[in-house]
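Okay, model.txt is below, compact mmCIF, C-alpha atoms:
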# COMPACT_ATOMS: atom_id res chain seq x y z
CA GLY A 256 124.59 156.30 110.27
CA VAL A 257 121.89 156.52 107.59
CA TYR A 258 121.51 159.44 105.20
CA PRO A 259 117.99 159.30 103.77
CA LYS A 260 118.14 162.82 102.27
CA ARG A 261 121.28 162.34 100.11
CA ARG A 262 120.68 162.22 96.38
CA PRO A 263 122.41 159.51 94.34
CA THR A 264 125.08 160.67 91.95
CA THR A 265 124.71 159.74 88.30
CA ARG A 266 127.84 161.39 86.94
CA ILE A 267 129.74 159.31 84.47
CA GLY A 268 133.48 159.12 84.90
CA ALA A 269 133.45 160.15 88.53
CA ASP A 270 136.37 159.17 90.63
CA SER A 271 135.95 155.42 91.29
CA ASN A 272 137.90 155.63 94.52
CA ARG A 273 135.58 158.29 95.82
CA ARG A 274 132.55 156.25 94.73
CA GLN A 275 133.86 153.23 96.55
CA ALA A 276 134.58 155.27 99.64
CA ARG A 277 131.06 156.69 99.62
CA GLY A 278 129.46 153.25 99.08
CA TRP A 279 128.73 153.29 95.35
CA ASP A 280 126.81 150.31 94.04
CA SER A 281 126.27 149.93 90.30
CA ARG A 282 122.84 148.31 90.81
CA LEU A 283 121.42 150.70 93.43
CA GLY A 284 123.18 153.98 92.73
CA TYR A 285 124.66 155.93 95.56
CA THR A 286 123.79 154.12 98.77
CA PRO A 287 125.19 154.74 102.25
CA ARG A 288 127.51 151.99 103.35
CA PRO A 289 125.29 150.53 106.16
CA ALA A 290 122.20 150.32 103.93
CA ALA A 291 124.13 148.86 100.98
CA ALA A 292 125.70 146.26 103.21
CA LEU A 293 122.28 145.26 104.52
CA LEU A 294 120.73 145.04 101.06
CA LEU A 295 123.64 143.04 99.65
CA GLY A 296 123.70 140.64 102.58
CA HIS A 297 127.06 141.78 104.01
CA ARG A 298 127.95 142.84 107.51
CA SER A 299 129.05 146.48 107.72
CA SER A 300 131.69 147.80 110.04
CA ALA A 301 129.62 150.95 110.41
CA GLY A 302 126.71 149.03 111.88
CA ALA A 303 123.35 147.85 110.53
CA LEU A 304 120.23 149.85 109.84
CA PRO A 305 117.79 150.32 112.71
CA ALA A 306 115.26 147.50 112.98
CA VAL A 307 112.34 149.90 112.45
CA CYS A 308 113.45 150.89 108.92
CA ARG A 309 113.66 149.06 105.66
CA THR A 310 115.04 150.37 102.36
CA ALA A 311 112.75 150.23 99.34
CA VAL A 312 114.39 150.83 95.93
CA LEU A 313 112.03 151.89 93.14
CA PRO A 314 112.69 151.53 89.40
CA PRO A 315 114.18 154.62 87.72
CA SER A 316 110.96 155.15 85.78
CA GLN A 317 109.07 155.69 89.02
CA SER A 318 111.58 157.56 91.12
CA ARG A 319 115.22 158.51 91.16
CA ARG A 320 115.24 158.59 94.93
CA ARG A 321 115.46 155.89 97.50
CA ARG A 322 112.68 155.74 100.10
CA HIS A 323 112.95 154.57 103.69
CA LEU A 324 109.61 153.20 104.97
CA PRO A 325 108.63 151.86 108.40
CA LEU A 326 108.05 148.13 108.50
CA ALA A 327 104.40 148.64 109.32
CA THR A 328 103.83 150.49 106.02
CA MET A 329 105.66 148.02 103.78
CA PRO A 330 103.29 146.09 101.47
CA ARG A 331 103.03 142.43 102.41
CA GLY A 332 101.10 139.53 100.89
CA LYS A 333 98.72 137.39 102.93
CA LYS A 334 100.89 134.68 104.40
CA GLY A 335 99.84 131.25 103.08
CA GLY A 336 96.48 132.55 101.91
CA ALA A 337 96.41 130.71 98.60
CA ALA A 338 97.67 127.48 100.15
CA LYS A 339 95.05 127.60 102.90
CA ASP A 340 92.27 128.26 100.39
CA ALA A 341 93.42 125.34 98.25
CA ALA A 342 93.57 123.03 101.28
CA ARG A 343 90.09 124.11 102.34
CA GLU A 344 88.74 123.43 98.85
CA ARG A 345 90.29 119.95 98.91
CA GLN A 346 88.71 119.23 102.29
CA LEU A 347 85.28 120.33 101.06
CA ALA A 348 85.65 118.21 97.93
CA LYS A 349 86.66 115.17 100.01
CA LYS A 350 83.75 115.74 102.36
CA ALA A 351 81.30 115.87 99.46
CA GLU A 352 82.87 112.74 97.97
CA ARG A 353 82.57 110.92 101.31
CA ALA A 354 78.91 111.91 101.67
CA LYS A 355 78.22 110.73 98.12
CA LYS A 356 79.96 107.43 98.81
CA PHE A 357 77.90 106.84 101.97
CA GLU A 358 74.67 107.67 100.17
CA LEU A 359 75.51 105.28 97.34
CA ALA A 360 76.27 102.58 99.90
CA ARG A 361 72.88 103.15 101.55
CA GLN A 362 71.11 102.96 98.20
CA ARG A 363 73.01 99.80 97.30
CA LYS A 364 72.09 98.23 100.61
CA ARG A 365 68.39 99.02 100.10
CA ALA A 366 68.53 97.67 96.55
CA ASN A 367 70.33 94.51 97.62
CA ALA A 368 68.25 93.75 100.71
CA ARG A 369 67.41 90.29 99.36
CA SER A 370 71.09 89.56 98.68
CA TYR A 371 72.00 90.73 102.18
CA GLU A 372 69.47 88.37 103.71
CA SER A 373 70.89 85.51 101.66
CA ASP A 374 74.47 86.34 102.71
CA LEU A 375 73.36 86.69 106.33
CA ALA A 376 71.88 83.18 106.24
CA LYS A 377 75.15 81.79 104.83
CA PHE A 378 77.09 83.77 107.44
CA GLN A 379 74.94 82.24 110.18
CA ARG A 380 75.65 78.73 108.87
CA GLN A 381 79.37 79.49 108.82
CA LEU A 382 79.37 80.58 112.48
CA GLU A 383 77.20 77.65 113.58
CA ALA A 384 80.29 75.47 113.14
CA PHE A 385 81.72 77.35 116.13
CA ASP A 386 78.41 77.40 118.03
CA LEU A 387 78.07 81.15 117.37
CA THR A 388 75.28 83.34 116.08
CA ILE A 389 74.89 86.88 114.73
CA ARG A 390 72.79 89.53 116.45
CA ASP A 391 72.17 92.03 113.68
CA THR A 392 72.12 95.81 114.18
CA ALA A 393 70.13 98.56 112.53
CA PRO A 394 71.84 99.93 109.38
CA ASP A 395 71.48 103.56 110.51
CA GLY A 396 75.10 104.72 110.54
CA ASN A 397 75.53 103.64 114.17
CA CYS A 398 76.04 99.93 113.49
CA LEU A 399 79.63 99.76 114.80
CA PHE A 400 78.74 101.49 118.07
CA ARG A 401 75.53 99.46 118.38
CA ALA A 402 77.50 96.21 118.02
CA ILE A 403 80.00 97.31 120.69
CA ALA A 404 77.17 98.41 122.99
CA ASP A 405 75.55 94.98 122.60
CA GLN A 406 78.84 93.27 123.47
CA VAL A 407 79.61 95.47 126.49
CA PHE A 408 76.17 96.30 127.92
CA GLY A 409 73.76 93.96 126.18
CA ASP A 410 71.85 97.05 125.02
CA GLN A 411 72.26 98.45 121.51
CA GLY A 412 70.38 101.58 122.58
CA ARG A 413 73.48 102.80 124.42
CA HIS A 414 75.38 103.35 121.18
CA MET A 415 75.66 107.12 121.71
CA GLN A 416 77.36 106.53 125.06
CA VAL A 417 79.86 104.21 123.39
CA ARG A 418 80.41 106.73 120.57
CA GLN A 419 81.16 109.61 122.96
CA GLU A 420 83.52 107.52 125.11
CA VAL A 421 85.45 106.35 122.05
CA MET A 422 85.79 109.90 120.71
CA ASP A 423 86.85 111.13 124.16
CA PHE A 424 89.65 108.56 124.07
CA ILE A 425 90.71 109.59 120.55
CA GLU A 426 90.71 113.26 121.54
CA ALA A 427 92.81 112.53 124.63
CA HIS A 428 95.32 110.52 122.55
CA ARG A 429 95.53 112.82 119.56
CA ASP A 430 99.13 111.96 118.67
CA ASP A 431 98.18 108.29 118.27
CA PHE A 432 95.27 108.85 115.88
CA GLN A 433 95.54 112.15 114.00
CA TRP A 434 97.95 110.73 111.42
CA PHE A 435 95.41 108.15 110.25
CA ILE A 436 92.49 110.48 109.51
CA GLU A 437 91.49 110.28 105.86
CA ASP A 438 90.91 113.00 103.26
CA ASP A 439 93.18 115.59 104.93
CA GLU A 440 90.39 116.38 107.38
CA PRO A 441 91.49 118.55 110.34
CA PHE A 442 91.55 116.65 113.61
CA GLU A 443 89.04 118.96 115.32
CA ASP A 444 86.57 118.63 112.44
CA TYR A 445 86.94 114.84 112.44
CA VAL A 446 86.25 114.59 116.19
CA ALA A 447 83.23 116.89 115.96
CA ARG A 448 81.83 114.95 112.99
CA LEU A 449 82.21 111.51 114.60
CA ARG A 450 80.49 112.70 117.76
CA THR A 451 77.26 113.24 115.85
CA ASN A 452 74.56 110.63 115.41
CA ALA A 453 74.58 108.33 112.35
CA GLU A 454 78.20 109.07 111.35
CA TRP A 455 79.82 105.83 110.23
CA GLY A 456 82.61 104.36 112.32
CA GLY A 457 85.39 102.23 110.91
CA HIS A 458 88.72 100.62 111.68
CA LEU A 459 90.17 103.71 113.41
CA GLU A 460 87.26 103.96 115.83
CA LEU A 461 87.31 100.19 116.39
CA GLN A 462 90.99 100.37 117.31
CA ALA A 463 90.24 103.19 119.74
CA ALA A 464 87.38 101.21 121.30
CA SER A 465 89.67 98.22 121.79
CA ARG A 466 92.25 100.34 123.58
CA GLN A 467 89.70 102.31 125.56
CA LEU A 468 87.99 99.15 126.85
CA GLY A 469 91.24 97.22 127.25
CA ARG A 470 89.81 94.28 125.29
CA ASN A 471 90.82 92.57 122.06
CA VAL A 472 88.46 92.57 119.09
CA VAL A 473 87.69 89.61 116.79
CA VAL A 474 86.00 90.44 113.48
CA HIS A 475 84.32 87.56 111.60
CA GLN A 476 83.81 87.74 107.83
CA LEU A 477 81.78 85.70 105.38
CA SER A 478 83.86 83.04 103.58
CA MET A 479 87.06 84.70 104.78
CA PRO A 480 89.37 84.22 107.76
CA ARG A 481 88.59 86.45 110.71
CA TRP A 482 91.01 89.14 111.83
CA GLU A 483 91.86 90.41 115.30
CA LEU A 484 92.91 93.60 117.06
CA GLN A 485 95.16 92.63 119.92
CA ASN A 486 95.54 95.37 122.53
CA ALA A 487 95.19 93.25 125.69
CA ARG A 488 97.14 90.28 126.96
CA ASP A 489 94.06 88.35 128.04
CA GLY A 490 91.95 87.60 124.98
CA ARG A 491 89.27 85.57 126.74
CA ASP A 492 86.88 88.54 126.99
CA ALA A 493 87.42 89.78 123.43
CA LEU A 494 84.65 91.62 121.61
CA HIS A 495 83.27 89.55 118.72
CA LEU A 496 81.79 91.39 115.74
CA SER A 497 80.75 90.40 112.24
CA TYR A 498 81.54 92.50 109.16
CA HIS A 499 79.13 92.46 106.21
CA ASP A 500 79.56 93.73 102.64
CA GLY A 501 82.43 96.05 103.60
CA GLU A 502 80.05 98.51 105.27
CA HIS A 503 78.08 96.97 108.16
CA TYR A 504 78.92 95.64 111.64
CA ALA A 505 76.88 93.33 113.88
CA SER A 506 77.40 91.57 117.21
CA VAL A 507 78.43 87.89 117.52
CA ARG A 508 77.47 85.78 120.54
CA MET A 509 77.40 82.17 121.64
CA ARG A 510 74.23 80.40 120.56
CA SER A 511 73.62 79.52 124.21
CA ASP A 512 73.96 83.17 125.27
CA PRO A 513 70.60 84.43 126.60
CA GLY A 514 71.43 87.92 125.34
CA ASP A 515 69.96 89.83 128.28
CA GLY A 516 73.32 91.27 129.38
CA PRO A 517 76.94 91.59 128.30
CA ALA A 518 78.10 88.95 125.84
CA LEU A 519 79.43 85.74 127.36
CA PRO A 520 83.12 84.95 126.70
CA ILE A 521 83.72 83.06 123.46
CA VAL A 522 86.36 80.38 122.99
CA ILE A 523 86.67 79.23 119.38
CA GLY A 524 87.92 75.81 118.37
CA ALA A 525 89.06 74.60 121.76
CA ARG A 526 91.37 71.65 121.19
CA HIS A 527 90.90 68.40 123.04
CA GLU A 528 93.50 67.47 125.63
CA VAL A 529 95.45 64.38 124.62
CA ASP A 530 96.67 62.01 127.32
CA ALA A 531 100.43 61.52 126.92
CA ALA A 532 100.14 57.98 128.32
CA ALA A 533 97.53 56.98 125.77
CA PRO A 534 98.61 54.50 123.07
CA ARG A 535 99.92 56.04 119.86
CA ARG A 536 97.28 56.15 117.15
CA ASP A 537 97.57 54.82 113.64
CA PRO A 538 98.82 57.60 111.28
CA ALA A 539 96.01 56.67 108.89
CA ASP A 540 93.42 57.63 111.54
CA PRO A 541 92.37 61.27 111.91
CA SER A 542 93.67 63.21 114.88
CA ASP A 543 91.40 65.04 117.31
CA ASP A 544 91.95 68.30 115.43
CA GLU A 545 91.20 66.63 112.12
CA LEU A 546 88.02 65.09 113.55
CA LEU A 547 86.93 68.52 114.78
CA ILE A 548 87.50 69.97 111.31
CA MET A 549 85.64 67.14 109.60
CA ARG A 550 82.66 67.59 111.91
CA SER A 551 82.66 71.34 111.29
CA ALA A 552 82.95 70.99 107.50
CA PRO A 553 80.93 67.91 106.57
CA GLY A 554 81.70 66.26 103.26
CA LYS A 555 85.42 66.99 103.31
CA GLY A 556 87.69 63.98 103.15
CA LEU A 557 90.62 63.36 105.45
CA ALA A 558 93.17 64.03 102.69
CA ARG A 559 91.70 67.45 101.92
CA VAL A 560 91.45 68.29 105.63
CA ARG A 561 95.10 67.44 106.17
CA GLU A 562 96.14 69.45 103.13
CA VAL A 563 94.31 72.59 104.25
CA LEU A 564 95.42 72.17 107.85
CA GLY A 565 99.03 71.98 106.70
CA ASN A 566 98.62 75.06 104.49
CA MET A 567 97.19 76.97 107.44
CA GLY A 568 100.15 76.11 109.65
CA GLY A 569 98.13 73.85 111.93
CA ASP A 570 95.55 76.55 112.75
CA VAL A 571 92.32 74.61 113.22
CA GLU A 572 90.02 77.64 113.11
CA LEU A 573 91.44 78.96 109.85
CA ALA A 574 91.27 75.50 108.30
CA ILE A 575 87.59 75.22 109.25
CA GLU A 576 86.80 78.64 107.77
CA VAL A 577 88.60 77.83 104.51
CA LEU A 578 86.79 74.52 104.12
CA ILE A 579 83.41 76.09 104.93
CA ALA A 580 84.08 78.75 102.30
CA GLU A 581 84.92 75.99 99.82
CA THR A 582 81.68 74.19 100.69
CA ASP A 583 79.62 77.35 100.17
CA GLU A 584 81.27 77.94 96.81
CA GLU A 585 80.63 74.35 95.75
CA VAL A 586 76.98 74.65 96.77
CA GLU A 587 76.61 77.85 94.76
CA ILE A 588 78.25 76.28 91.70
CA ALA A 589 75.98 73.24 91.97
CA ALA A 590 72.91 75.48 92.35
CA ARG A 591 73.84 77.52 89.29
CA ALA A 592 74.44 74.35 87.29
CA SER A 593 71.06 73.00 88.39
CA GLU A 594 69.31 76.23 87.40
CA ARG A 595 71.04 76.20 84.01
CA GLU A 596 69.95 72.61 83.38
CA ALA A 597 66.39 73.46 84.39
CA ARG A 598 66.32 76.41 81.98
CA GLU A 599 67.72 74.26 79.19
CA ARG A 600 65.06 71.56 79.81
CA ALA A 601 62.32 74.19 79.87
CA ALA A 602 63.58 75.70 76.61
CA ALA A 603 63.75 72.25 74.98
CA ALA A 604 60.20 71.45 76.13
CA ALA A 605 58.92 74.78 74.82
CA ALA A 606 60.61 74.16 71.47
CA ALA A 607 59.09 70.66 71.26
CA GLU A 608 55.63 72.03 72.01
CA ALA A 609 56.03 74.72 69.37
CA ALA A 610 57.14 72.15 66.83
CA ALA A 611 54.24 69.83 67.70
CA GLY A 612 51.73 72.66 67.45
CA SER A 613 53.07 73.75 64.10
CA GLY A 614 52.89 70.20 62.70
CA GLY A 615 49.35 69.66 64.02
CA GLY A 616 48.20 72.88 62.40
CA ARG A 617 49.48 71.84 59.00
CA GLY A 618 47.87 68.37 59.29
CA GLY A 619 44.51 69.84 60.31
CA GLY A 620 44.50 72.21 57.34
CA GLY A 621 45.04 69.34 54.86
CA GLY A 622 42.11 67.31 56.23
CA GLY A 623 39.74 70.23 55.96
CA GLY A 624 40.56 70.63 52.26

Since I need it in another form, could you write the structure as structure tokens?
Amino acid sequence: GVYPKRRPTTRIGADSNRRQARGWDSRLGYTPRPAAALLLGHRSSAGALPAVCRTAVLPPSQSRRRRHLPLATMPRGKKGGAAKDAARERQLAKKAERAKKFELARQRKRANARSYESDLAKFQRQLEAFDLTIRDTAPDGNCLFRAIADQVFGDQGRHMQVRQEVMDFIEAHRDDFQWFIEDDEPFEDYVARLRTNAEWGGHLELQAASRQLGRNVVVHQLSMPRWELQNARDGRDALHLSYHDGEHYASVRMRSDPGDGPALPIVIGARHEVDAAAPRRDPADPSDDELLIMRSAPGKGLARVREVLGNMGGDVELAIEVLIAETDEEVEIAARASEREARERAAAAAAAEAAAGSGGGRGGGGGGG
């Protein structure tokens, strides 16, 4: 049993055998055997204390007696309070940082509108090699969902429908997506935020859209190889999007597509069928794939085409994109060189005029004297 009323003995030199028999503990004073066993982490033959009691030992300066308090009255700290507050502060800081980043991106886009138009024109020329064209979307935070809506319905105005269906899919497959949410944002907060208008979508939402629609996604990039999300076996009805400046999505269609409905299927770089019975060609002559690449990237010689095609593992589409990127870079270098030469000629002409004017002034002054 428990003896809450017994006073601890403090006599020095008391019989040690009697102390041991009564449950003496040098750290706690006189303590009944069951309570001492519980406090010291040992099992007592006399049984444990009742579950409704807990022994509280106070320092000698406060009390010489032991107190038994109910569990409900024992002081307890707030479980995980500090950790939760710190996590909440981190989430708010990340949210503010994300909002600042998006605002800076919007300001940069407005400031670089002329550069965007120039890049868009180059992007269009790059896709013309595949008989494709870009249907741009409004840069209002809904561009990803607008591009998907254009591909699926032929109507960018249905972007909110696409957004809600994608977020429904993510919410229903939480275990597949919650581990990839950035900035330690709680899953429920993330879902609620992405359901609202003008919230930017990215790779996670694009992956969810691909799975929800059961269609692969092909993303074209300026002067870079495209990349694909493959979630369906049949890739003939893949969604084709373009990605601009690391922050904007648009829809890609065939140039012959009337655009009044869902996007027509796109087949890039279809290779010509070669008749097995046809006579073997001369190795010095370009193959059908090499001819296709040379037509798509004018100005590139057969040796360079073969080199790039070999480096790309025989992938015709990647070879075309690499050579087009090279051509664009060469054009830019030539344009900069031309501008530099023009500035140098203008500066030389201005210097010659200044020298001629200075000499004429001196000659005129001498004649007047």

Within 12 Å of (90.3, 107.9, 118.7) (file coordinates; all atoms listed in the file), which protein or nucleic acid residues are there? I'd like them as JSON, numbers by chain. {"A": [418, 419, 420, 421, 422, 423, 424, 425, 426, 427, 428, 429, 430, 431, 432, 433, 434, 435, 436, 442, 443, 445, 446, 447, 449, 450, 456, 457, 458, 459, 460, 461, 462, 463, 464, 465, 466, 467]}

Kindly indicate which residue among A:Phe408, A:Phe400, A:Phe378, A:Trp455 lies nearest to His475 in chain A, using only C-alpha atoms for the distances. A:Phe378

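Here CA of Arg401 in chain A and CA of Ser478 in chain A stand 23.6 Å from one another.
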
Hey, can you check how far CA of Ser593 in chain A sits from CA of Lys555 in chain A? 21.6 Å

Could you jot down the CA of Lys349 in chain A to CA of Ile403 in chain A separation for me, Å, one decimal place?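 The value is 28.1 Å.
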
Just checking: using only C-alpha atoms, which residue out of A:Met479, A:Leu484, A:Leu494, A:Ala539 ends up closest to Val522 in chain A? A:Leu494

Kindly indicate which residue among A:Asp515, A:Asp340, A:Glu599, A:Glu437 lies nearest to Asp405 in chain A, using all atoms listed in the file for the distances.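 The shortest atom-to-atom distance to Asp405 in chain A comes from A:Asp515.
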
Proximity to Ala552 in chain A - best of A:Leu399, A:Ala384, A:Ala376, A:Ala597, all atoms listed in the file: A:Ala384

Have a look at A:Ala590, A:Ala607, A:Ala518, A:Leu347 and name the one nearest to Asp444 in chain A; count all atoms listed in the file.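 Of the candidates, the smallest distance to Asp444 in chain A is held by A:Leu347.
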